[in-house]
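Here is the structure we will look at, set down as structure tokens.
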Amino acid sequence: MKQKYDGIGKSHAKIILIGEHSVVYGKPAIALPLPSIQTQAYLSFTQEHTQVIKSSYFDGPLDRMPHSMEGLHHLIITLLKEIKQEDLGFTLTIRSQLPAERGMGSSAAAAVAVIRCFYDAFSLKLTHAKTLHLADISEKDTHKNPSGLDAATVASQRPVWMIRGQELTPLPLSMNAYLLICDSGIKGQTSAAIKIVQERFEQHHSQTQKLLDKLGSLTSLVKEQLAQNDVRGLGNSLNTAQRHLSALGVSTQRLDFLIKLAQENGSLGSKLTGGGRGGCFINLINTRADAEKLAALLEKNGVTKTWIQPLSSAMGGL
Ligand SMILES: C[C@@](O)(CCO)CC(=O)[O-]
């Protein structure tokens, strides 16, 4: 029999086309939602006053959630207070297709799905701004100094242009090309990557500032290249961004190796995406057939999963 839930909330994966890390320092970033890779949260009210979490990482009482889930724990406590239901008996089930710690926004997606699910259960109005404000509570605990880009993108159906602290702008996208998204299979913690850049910023200030400025200018250039359907130009920009990100210290030897292999075998531009230090990388490819060919080669070389994404505003078509 199909189970009935009192509240349902959905969210999805994201990838950052360009601007990760520099967005934390006030530069623009462009990110794309991947609506077909989903996180879902289901809330069932229970008679007992127990508050139970069910997920692939943890099954048990809310007050025993592990340290690695402290952001989500903090968020749920805040939500219960906000809706004046601190003693609510419930089971919250979280199911996610997103691999964790791969730069696809798994923590932000879980937070947004949970927020939507609680608001749905109590039929409360939830604005976009409120969603992002609440998601930030969880993201701050998880990533320490998040720009808000991950939460904004996993809550959006359209590609976004974002500058920290400013209103989001949807970015029309219709390019005759594909992104091949590859999971390196290596975990990369965003909080650790943010810390690396922060330390570099403090210790080698002017050199790091220059790299961040270059990434900022490159992001503005990419916006123009997207508008002009300049696939070659975009490819060059992605390759340049990867060099700057590597200089910031957020790539790894393994990522460098896989990215070079991709660049030598049909990718017009490749770079890490998200926090880095592992996780996913993206490749710009002319045709789906070429993307499939490169995916097969990369999988032979250790890539654990691949997705092919047309570069258009309707991002649902994975
Ligand atoms: C590395 C970073 O720029 C993106 C992580 O997906 C951090 C952030 O924007 O919060």
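Simple scheme: letters A, B, ... for chains in structure tokens order, numbers from 1 for residues in each chain, numbers from 1 for ligands in the order shown.
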Give the residues close to ligand 1, within 9 Å, counting only C-alpha atoms and all ligand atoms; write them as a JSON list (two decimals) with all heavy atoms, in the first residue's frame.
[["chain", "number", "residue", "atom", "x", "y", "z"],
["A", 14, "LYS", "N", 23.01, 20.43, -7.72],
["A", 14, "LYS", "CA", 23.46, 21.61, -8.49],
["A", 14, "LYS", "C", 24.90, 21.38, -8.93],
["A", 14, "LYS", "O", 25.62, 20.57, -8.34],
["A", 14, "LYS", "CB", 23.39, 22.89, -7.65],
["A", 14, "LYS", "CG", 24.27, 22.89, -6.38],
["A", 14, "LYS", "CD", 25.69, 23.40, -6.58],
["A", 14, "LYS", "CE", 26.59, 22.98, -5.48],
["A", 14, "LYS", "NZ", 27.94, 23.10, -5.45],
["A", 15, "ILE", "N", 25.28, 22.10, -9.96],
["A", 15, "ILE", "CA", 26.72, 22.21, -10.22],
["A", 15, "ILE", "C", 27.06, 23.68, -10.46],
["A", 15, "ILE", "O", 26.22, 24.44, -10.94],
["A", 15, "ILE", "CB", 27.22, 21.38, -11.43],
["A", 15, "ILE", "CG1", 26.38, 21.68, -12.65],
["A", 15, "ILE", "CG2", 27.30, 19.92, -11.15],
["A", 15, "ILE", "CD1", 27.19, 21.56, -13.88],
["A", 16, "ILE", "N", 28.27, 24.02, -10.10],
["A", 16, "ILE", "CA", 28.72, 25.39, -10.33],
["A", 16, "ILE", "C", 29.50, 25.39, -11.65],
["A", 16, "ILE", "O", 30.45, 24.61, -11.82],
["A", 16, "ILE", "CB", 29.60, 25.87, -9.16],
["A", 16, "ILE", "CG1", 28.75, 25.85, -7.87],
["A", 16, "ILE", "CG2", 30.14, 27.27, -9.44],
["A", 16, "ILE", "CD1", 29.50, 26.21, -6.61],
["A", 19, "GLY", "N", 32.96, 30.11, -10.72],
["A", 19, "GLY", "CA", 32.84, 31.10, -9.65],
["A", 19, "GLY", "C", 32.88, 30.52, -8.25],
["A", 19, "GLY", "O", 32.72, 31.26, -7.27],
["A", 20, "GLU", "N", 33.07, 29.17, -8.11],
["A", 20, "GLU", "CA", 33.18, 28.64, -6.75],
["A", 20, "GLU", "C", 34.39, 29.26, -6.07],
["A", 20, "GLU", "O", 35.36, 29.65, -6.72],
["A", 20, "GLU", "CB", 33.28, 27.10, -6.72],
["A", 20, "GLU", "CG", 34.29, 26.45, -7.59],
["A", 20, "GLU", "CD", 33.75, 26.21, -8.98],
["A", 20, "GLU", "OE1", 33.11, 25.21, -9.25],
["A", 20, "GLU", "OE2", 34.06, 27.10, -9.82],
["A", 21, "HIS", "N", 34.34, 29.35, -4.81],
["A", 21, "HIS", "CA", 35.35, 29.97, -3.94],
["A", 21, "HIS", "C", 35.42, 31.49, -4.09],
["A", 21, "HIS", "O", 35.27, 32.19, -3.10],
["A", 21, "HIS", "CB", 36.75, 29.33, -4.11],
["A", 21, "HIS", "CG", 36.78, 27.95, -3.56],
["A", 21, "HIS", "ND1", 36.69, 27.70, -2.21],
["A", 21, "HIS", "CD2", 36.83, 26.73, -4.15],
["A", 21, "HIS", "CE1", 36.69, 26.39, -2.00],
["A", 21, "HIS", "NE2", 36.77, 25.77, -3.16],
["A", 22, "SER", "N", 35.59, 31.99, -5.33],
["A", 22, "SER", "CA", 35.64, 33.45, -5.45],
["A", 22, "SER", "C", 34.30, 34.07, -5.05],
["A", 22, "SER", "O", 34.26, 35.21, -4.58],
["A", 22, "SER", "CB", 36.05, 33.86, -6.88],
["A", 22, "SER", "OG", 35.38, 33.08, -7.83],
["A", 23, "VAL", "N", 33.19, 33.29, -5.17],
["A", 23, "VAL", "CA", 31.87, 33.80, -4.77],
["A", 23, "VAL", "C", 31.83, 34.09, -3.26],
["A", 23, "VAL", "O", 31.13, 34.99, -2.81],
["A", 23, "VAL", "CB", 30.74, 32.80, -5.20],
["A", 23, "VAL", "CG1", 30.77, 31.52, -4.39],
["A", 23, "VAL", "CG2", 29.37, 33.44, -5.12],
["A", 24, "VAL", "N", 32.61, 33.34, -2.50],
["A", 24, "VAL", "CA", 32.67, 33.56, -1.04],
["A", 24, "VAL", "C", 33.25, 34.96, -0.75],
["A", 24, "VAL", "O", 32.93, 35.59, 0.24],
["A", 24, "VAL", "CB", 33.53, 32.45, -0.37],
["A", 24, "VAL", "CG1", 33.73, 32.71, 1.12],
["A", 24, "VAL", "CG2", 32.90, 31.07, -0.60],
["A", 25, "TYR", "N", 34.08, 35.45, -1.68],
["A", 25, "TYR", "CA", 34.77, 36.74, -1.51],
["A", 25, "TYR", "C", 34.10, 37.87, -2.32],
["A", 25, "TYR", "O", 34.75, 38.84, -2.71],
["A", 25, "TYR", "CB", 36.26, 36.59, -1.87],
["A", 25, "TYR", "CG", 36.94, 35.64, -0.93],
["A", 25, "TYR", "CD1", 36.84, 34.26, -1.12],
["A", 25, "TYR", "CD2", 37.62, 36.10, 0.20],
["A", 25, "TYR", "CE1", 37.41, 33.36, -0.22],
["A", 25, "TYR", "CE2", 38.19, 35.22, 1.10],
["A", 25, "TYR", "CZ", 38.08, 33.85, 0.89],
["A", 25, "TYR", "OH", 38.64, 32.98, 1.79],
["A", 29, "ALA", "N", 29.08, 34.31, -9.46],
["A", 29, "ALA", "CA", 29.18, 32.88, -9.81],
["A", 29, "ALA", "C", 27.98, 32.50, -10.66],
["A", 29, "ALA", "O", 26.93, 33.13, -10.59],
["A", 29, "ALA", "CB", 29.21, 32.02, -8.55],
["A", 102, "ARG", "N", 30.62, 15.67, -2.92],
["A", 102, "ARG", "CA", 31.11, 15.59, -4.30],
["A", 102, "ARG", "C", 30.88, 16.91, -5.02],
["A", 102, "ARG", "O", 30.90, 16.96, -6.24],
["A", 102, "ARG", "CB", 30.39, 14.49, -5.09],
["A", 102, "ARG", "CG", 30.52, 13.13, -4.50],
["A", 102, "ARG", "CD", 31.97, 12.67, -4.49],
["A", 102, "ARG", "NE", 32.08, 11.25, -4.63],
["A", 102, "ARG", "CZ", 31.92, 10.39, -3.63],
["A", 102, "ARG", "NH1", 31.66, 10.82, -2.42],
["A", 102, "ARG", "NH2", 32.03, 9.09, -3.85],
["A", 103, "GLY", "N", 30.56, 17.97, -4.27],
["A", 103, "GLY", "CA", 30.37, 19.26, -4.91],
["A", 103, "GLY", "C", 29.02, 19.41, -5.60],
["A", 103, "GLY", "O", 28.83, 20.34, -6.39],
["A", 104, "MET", "N", 28.07, 18.53, -5.30],
["A", 104, "MET", "CA", 26.75, 18.62, -5.95],
["A", 104, "MET", "C", 25.69, 19.22, -5.04],
["A", 104, "MET", "O", 24.50, 19.20, -5.36],
["A", 104, "MET", "CB", 26.31, 17.24, -6.45],
["A", 104, "MET", "CG", 27.19, 16.74, -7.57],
["A", 104, "MET", "SD", 26.55, 15.19, -8.23],
["A", 104, "MET", "CE", 25.86, 15.74, -9.77],
["A", 105, "GLY", "N", 26.11, 19.72, -3.90],
["A", 105, "GLY", "CA", 25.17, 20.43, -3.03],
["A", 105, "GLY", "C", 24.31, 19.53, -2.17],
["A", 105, "GLY", "O", 23.18, 19.88, -1.84],
["A", 139, "GLU", "N", 23.63, 25.38, 6.52],
["A", 139, "GLU", "CA", 24.85, 25.49, 5.71],
["A", 139, "GLU", "C", 26.00, 26.14, 6.48],
["A", 139, "GLU", "O", 27.16, 25.79, 6.29],
["A", 139, "GLU", "CB", 24.55, 26.28, 4.43],
["A", 139, "GLU", "CG", 23.73, 25.51, 3.41],
["A", 139, "GLU", "CD", 24.52, 24.36, 2.78],
["A", 139, "GLU", "OE1", 25.21, 24.59, 1.79],
["A", 139, "GLU", "OE2", 24.42, 23.24, 3.32],
["A", 140, "LYS", "N", 25.66, 27.08, 7.38],
["A", 140, "LYS", "CA", 26.71, 27.74, 8.18],
["A", 140, "LYS", "C", 27.36, 26.74, 9.12],
["A", 140, "LYS", "O", 28.57, 26.76, 9.32],
["A", 140, "LYS", "CB", 26.10, 28.88, 8.99],
["A", 140, "LYS", "CG", 26.22, 30.21, 8.28],
["A", 140, "LYS", "CD", 25.98, 31.37, 9.22],
["A", 140, "LYS", "CE", 25.97, 32.65, 8.41],
["A", 140, "LYS", "NZ", 24.73, 33.40, 8.54],
["A", 143, "HIS", "N", 29.36, 24.27, 6.50],
["A", 143, "HIS", "CA", 30.48, 24.79, 5.70],
["A", 143, "HIS", "C", 31.17, 25.99, 6.31],
["A", 143, "HIS", "O", 32.07, 26.56, 5.71],
["A", 143, "HIS", "CB", 29.98, 25.19, 4.30],
["A", 143, "HIS", "CG", 29.41, 24.04, 3.52],
["A", 143, "HIS", "ND1", 29.98, 22.80, 3.50],
["A", 143, "HIS", "CD2", 28.32, 23.95, 2.73],
["A", 143, "HIS", "CE1", 29.27, 22.00, 2.75],
["A", 143, "HIS", "NE2", 28.24, 22.66, 2.27],
["A", 144, "LYS", "N", 30.69, 26.44, 7.47],
["A", 144, "LYS", "CA", 31.27, 27.57, 8.21],
["A", 144, "LYS", "C", 31.06, 28.94, 7.56],
["A", 144, "LYS", "O", 30.48, 29.81, 8.15],
["A", 144, "LYS", "CB", 32.79, 27.38, 8.50],
["A", 144, "LYS", "CG", 33.14, 26.04, 9.11],
["A", 144, "LYS", "CD", 32.40, 25.76, 10.40],
["A", 144, "LYS", "CE", 32.65, 24.33, 10.87],
["A", 144, "LYS", "NZ", 31.50, 23.66, 11.41],
["A", 145, "ASN", "N", 31.54, 29.13, 6.31],
["A", 145, "ASN", "CA", 31.38, 30.46, 5.71],
["A", 145, "ASN", "C", 30.78, 30.33, 4.31],
["A", 145, "ASN", "O", 31.42, 30.67, 3.30],
["A", 145, "ASN", "CB", 32.75, 31.15, 5.65],
["A", 145, "ASN", "CG", 32.66, 32.55, 5.08],
["A", 145, "ASN", "OD1", 31.58, 33.16, 5.05],
["A", 145, "ASN", "ND2", 33.78, 33.08, 4.60],
["A", 146, "PRO", "N", 29.54, 29.81, 4.20],
["A", 146, "PRO", "CA", 28.98, 29.58, 2.85],
["A", 146, "PRO", "C", 28.53, 30.88, 2.21],
["A", 146, "PRO", "O", 28.08, 31.80, 2.89],
["A", 146, "PRO", "CB", 27.78, 28.68, 3.13],
["A", 146, "PRO", "CG", 27.34, 29.06, 4.50],
["A", 146, "PRO", "CD", 28.57, 29.49, 5.26],
["A", 147, "SER", "N", 28.61, 30.94, 0.89],
["A", 147, "SER", "CA", 28.16, 32.14, 0.18],
["A", 147, "SER", "C", 26.64, 32.15, 0.02],
["A", 147, "SER", "O", 26.05, 33.17, -0.26],
["A", 147, "SER", "CB", 28.79, 32.17, -1.21],
["A", 147, "SER", "OG", 28.30, 31.08, -1.98],
["A", 148, "GLY", "N", 26.02, 30.96, 0.14],
["A", 148, "GLY", "CA", 24.57, 30.84, -0.11],
["A", 148, "GLY", "C", 24.28, 30.34, -1.52],
["A", 148, "GLY", "O", 23.13, 30.10, -1.87],
["A", 149, "LEU", "N", 25.34, 30.17, -2.32],
["A", 149, "LEU", "CA", 25.15, 29.76, -3.72],
["A", 149, "LEU", "C", 24.53, 28.36, -3.82],
["A", 149, "LEU", "O", 23.63, 28.13, -4.63],
["A", 149, "LEU", "CB", 26.50, 29.80, -4.46],
["A", 149, "LEU", "CG", 26.49, 29.36, -5.91],
["A", 149, "LEU", "CD1", 25.61, 30.26, -6.76],
["A", 149, "LEU", "CD2", 27.92, 29.32, -6.48],
["A", 150, "ASP", "N", 25.02, 27.43, -3.00],
["A", 150, "ASP", "CA", 24.51, 26.06, -3.08],
["A", 150, "ASP", "C", 23.01, 26.02, -2.79],
["A", 150, "ASP", "O", 22.23, 25.45, -3.55],
["A", 150, "ASP", "CB", 25.23, 25.15, -2.07],
["A", 150, "ASP", "CG", 26.66, 24.85, -2.49],
["A", 150, "ASP", "OD1", 27.14, 25.49, -3.43],
["A", 150, "ASP", "OD2", 27.29, 23.98, -1.86],
["A", 151, "ALA", "N", 22.61, 26.66, -1.68],
["A", 151, "ALA", "CA", 21.19, 26.65, -1.31],
["A", 151, "ALA", "C", 20.34, 27.33, -2.38],
["A", 151, "ALA", "O", 19.27, 26.85, -2.74],
["A", 151, "ALA", "CB", 21.00, 27.32, 0.05],
["A", 164, "ARG", "N", 27.16, 37.36, -3.76],
["A", 164, "ARG", "CA", 26.81, 37.20, -2.35],
["A", 164, "ARG", "C", 26.10, 38.45, -1.81],
["A", 164, "ARG", "O", 26.57, 39.57, -2.05],
["A", 164, "ARG", "CB", 28.09, 36.95, -1.55],
["A", 164, "ARG", "CG", 27.84, 36.49, -0.16],
["A", 164, "ARG", "CD", 29.14, 36.11, 0.52],
["A", 164, "ARG", "NE", 28.83, 35.52, 1.81],
["A", 164, "ARG", "CZ", 29.69, 34.87, 2.57],
["A", 164, "ARG", "NH1", 30.94, 34.72, 2.16],
["A", 164, "ARG", "NH2", 29.35, 34.39, 3.73],
["A", 190, "THR", "N", 33.65, 20.51, 1.55],
["A", 190, "THR", "CA", 33.62, 21.94, 1.19],
["A", 190, "THR", "C", 34.18, 22.81, 2.32],
["A", 190, "THR", "O", 34.93, 23.76, 2.07],
["A", 190, "THR", "CB", 32.17, 22.36, 0.85],
["A", 190, "THR", "OG1", 31.75, 21.57, -0.26],
["A", 190, "THR", "CG2", 32.07, 23.82, 0.46],
["A", 191, "SER", "N", 33.85, 22.46, 3.57],
["A", 191, "SER", "CA", 34.35, 23.29, 4.68],
["A", 191, "SER", "C", 35.88, 23.30, 4.70],
["A", 191, "SER", "O", 36.50, 24.34, 4.93],
["A", 191, "SER", "CB", 33.80, 22.79, 6.02],
["A", 191, "SER", "OG", 34.13, 21.44, 6.19],
["A", 193, "ALA", "N", 37.87, 22.84, 2.11],
["A", 193, "ALA", "CA", 38.35, 23.59, 0.93],
["A", 193, "ALA", "C", 38.22, 25.10, 1.18],
["A", 193, "ALA", "O", 39.13, 25.87, 0.85],
["A", 193, "ALA", "CB", 37.55, 23.18, -0.30],
["A", 194, "ILE", "N", 37.11, 25.51, 1.79],
["A", 194, "ILE", "CA", 36.92, 26.94, 2.11],
["A", 194, "ILE", "C", 38.03, 27.40, 3.05],
["A", 194, "ILE", "O", 38.59, 28.50, 2.91],
["A", 194, "ILE", "CB", 35.52, 27.19, 2.74],
["A", 194, "ILE", "CG1", 34.41, 26.98, 1.70],
["A", 194, "ILE", "CG2", 35.41, 28.59, 3.33],
["A", 194, "ILE", "CD1", 32.98, 27.19, 2.22],
["A", 273, "THR", "N", 34.27, 21.31, -9.89],
["A", 273, "THR", "CA", 33.05, 22.07, -9.62],
["A", 273, "THR", "C", 32.69, 21.92, -8.15],
["A", 273, "THR", "O", 32.82, 20.84, -7.58],
["A", 273, "THR", "CB", 31.88, 21.61, -10.53],
["A", 273, "THR", "OG1", 30.73, 22.41, -10.24],
["A", 273, "THR", "CG2", 31.52, 20.16, -10.36],
["A", 274, "GLY", "N", 32.32, 23.03, -7.51],
["A", 274, "GLY", "CA", 32.02, 22.98, -6.08],
["A", 274, "GLY", "C", 33.29, 23.24, -5.27],
["A", 274, "GLY", "O", 34.22, 23.87, -5.75],
["A", 275, "GLY", "N", 33.31, 22.70, -4.07],
["A", 275, "GLY", "CA", 34.43, 22.98, -3.17],
["A", 275, "GLY", "C", 35.77, 22.46, -3.67],
["A", 275, "GLY", "O", 36.82, 23.05, -3.42],
["A", 276, "GLY", "N", 35.76, 21.33, -4.37],
["A", 276, "GLY", "CA", 37.01, 20.73, -4.85],
["A", 276, "GLY", "C", 37.64, 19.84, -3.80],
["A", 276, "GLY", "O", 36.94, 19.32, -2.94]]
**Prompt:** Glu86 of chain A: which residues within 10 Å, counting only C-alpha atoms, same-chain residues fewer than 6 positions away excluded, as a VMD selection string?
**Reply:** chain A and resid 51 76 to 80
With the cut-off set at 9 Å and counting only C-alpha atoms, tabulate each residue of segment 165-240 of chain A with an atom at most that distance from an atom of segment 156-160 of chain A, showing the nearest atom pair and its distance in Å to one decimal, ordered by chain and increasing number, as a Markdown table.
| residue | atom | partner | partner_atom | distance |
| --- | --- | --- | --- | --- |
| A:Leu168 | CA | A:Val160 | CA | 6.6 |
| A:Thr169 | CA | A:Val160 | CA | 5.7 |
| A:Pro170 | CA | A:Val160 | CA | 4.6 |
| A:Leu171 | CA | A:Val160 | CA | 5.2 |
| A:Pro172 | CA | A:Pro159 | CA | 7.1 |
| A:Leu173 | CA | A:Pro159 | CA | 7.4 |
Output file for the selection above: N, CA and C atoms, as a short mmCIF file (atom, residue, chain, number, x, y, z; two decimals), in the first residue's frame:
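File written: out-v7.cif
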data_model
loop_
_atom_site.label_atom_id
_atom_site.label_comp_id
_atom_site.auth_asym_id
_atom_site.auth_seq_id
_atom_site.Cartn_x
_atom_site.Cartn_y
_atom_site.Cartn_z
N LEU A 168 19.27 37.25 -6.41
CA LEU A 168 19.66 36.29 -7.45
C LEU A 168 19.11 36.71 -8.81
N THR A 169 19.85 36.45 -9.87
CA THR A 169 19.29 36.71 -11.20
C THR A 169 19.24 35.39 -11.97
N PRO A 170 18.06 35.04 -12.53
CA PRO A 170 18.02 33.84 -13.38
C PRO A 170 18.82 34.11 -14.65
N LEU A 171 19.48 33.09 -15.14
CA LEU A 171 20.35 33.29 -16.30
C LEU A 171 19.82 32.48 -17.48
N PRO A 172 19.31 33.14 -18.53
CA PRO A 172 18.83 32.37 -19.67
C PRO A 172 20.01 31.61 -20.30
N LEU A 173 19.77 30.39 -20.67
CA LEU A 173 20.87 29.57 -21.17
C LEU A 173 20.37 28.72 -22.33
#
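Across A:Glu82, A:Glu299, A:Asp87, A:Glu101, the tightest approach to Gly279 of chain A is made by A:Glu101 when counting only C-alpha atoms.
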**Request:** Could you give me, as a list in words, the residues within 10 Å of segment 218-233 of chain A, counting only C-alpha atoms and dropping anything in the same chain fewer than 6 positions from it?
**Result:** Leu17, Ile18, Gly19, Glu20, Ser22, Val23, Lys27, Pro28, Ala29, Ile30, Trp161, Leu171, Pro172, Leu173, Ser174, Met175, Asn176, Ala177, Tyr178, Leu212, Thr240, Ala241, Leu268, Gly269, Leu284, Ile285, Asn286, Leu311 and Ser312 of chain A
**Request:** List every residue of segment 87-263 of chain A that DSSP, applied to the backbone of this structure, places in helix (DSSP H, G or I), and write the result as a count of residues only.
**Result:** 104
**Prompt:** What's the 7 Å shell around segment 301-310 of chain A, counting only C-alpha atoms, without same-chain residues fewer than 6 positions away, as a list in words?
**Reply:**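 The neighbour list is Ala177, Tyr178, Leu179, Leu180, Ile181, Cys182, Asp183, Ser184, Gly185, Ala291, Ala295, Gly317 and Leu318 of chain A.
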**Complete:** Nearest to Tyr119 of chain A, restricted to only C-alpha atoms and choosing among A:Asp6, A:Asp59, A:Glu48, A:Glu70, comes out as A:Asp6
**Item:** Secondary structure check, strand (DSSP E or B) residues of segment 120-263 of chain A, as a ChimeraX atom specification
**Value:** /A:160-162,169-170,174-183
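Candidate residues A:Lys300, A:Val114, A:Met162, A:Gly235 were compared for distance to Leu258 of chain A, and the nearest is A:Lys300, using only C-alpha atoms.
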**Asked** Neighbours of Lys4 of chain A within 12 Å (only C-alpha atoms; same-chain residues fewer than 5 positions away dropped), as a list in words?
**Response** Tyr42, Leu43, Ser44, Phe45 and Ala121 of chain A
Using N, CA and C atoms, can you export the residues from the last selection as a PDB file, in the first residue's frame?
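The resulting part_18.pdb:
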ATOM      1  N   TYR A  42      10.258  13.420   3.786  1.00  0.00           N
ATOM      2  CA  TYR A  42       8.867  13.064   4.106  1.00  0.00           C
ATOM      3  C   TYR A  42       8.670  13.159   5.611  1.00  0.00           C
ATOM      4  N   LEU A  43       7.608  13.821   6.018  1.00  0.00           N
ATOM      5  CA  LEU A  43       7.324  13.956   7.445  1.00  0.00           C
ATOM      6  C   LEU A  43       6.029  13.222   7.773  1.00  0.00           C
ATOM      7  N   SER A  44       6.097  12.331   8.763  1.00  0.00           N
ATOM      8  CA  SER A  44       4.870  11.656   9.235  1.00  0.00           C
ATOM      9  C   SER A  44       4.683  12.008  10.693  1.00  0.00           C
ATOM     10  N   PHE A  45       3.499  12.453  11.060  1.00  0.00           N
ATOM     11  CA  PHE A  45       3.209  12.731  12.468  1.00  0.00           C
ATOM     12  C   PHE A  45       2.992  11.402  13.182  1.00  0.00           C
ATOM     13  N   ALA A 121       3.838  20.261   5.632  1.00  0.00           N
ATOM     14  CA  ALA A 121       3.064  19.518   6.637  1.00  0.00           C
ATOM     15  C   ALA A 121       2.094  20.427   7.378  1.00  0.00           C
TER      16      ALA A 121
END
**Complete:** Between A:Gln40, A:Gln198, A:Ser251, A:Ser96, smallest distance to Ser56 of chain A by only C-alpha atoms belongs to A:Ser96
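The closest residue to Leu245 of chain A, picked from A:Gly7, A:Pro61, A:Gly266, A:Gly216 and counting only C-alpha atoms, is A:Gly216.
Taking atom CA of Ser106 of chain A and atom CA of Ile196 of chain A as endpoints, the distance between them is 20.7 Å.
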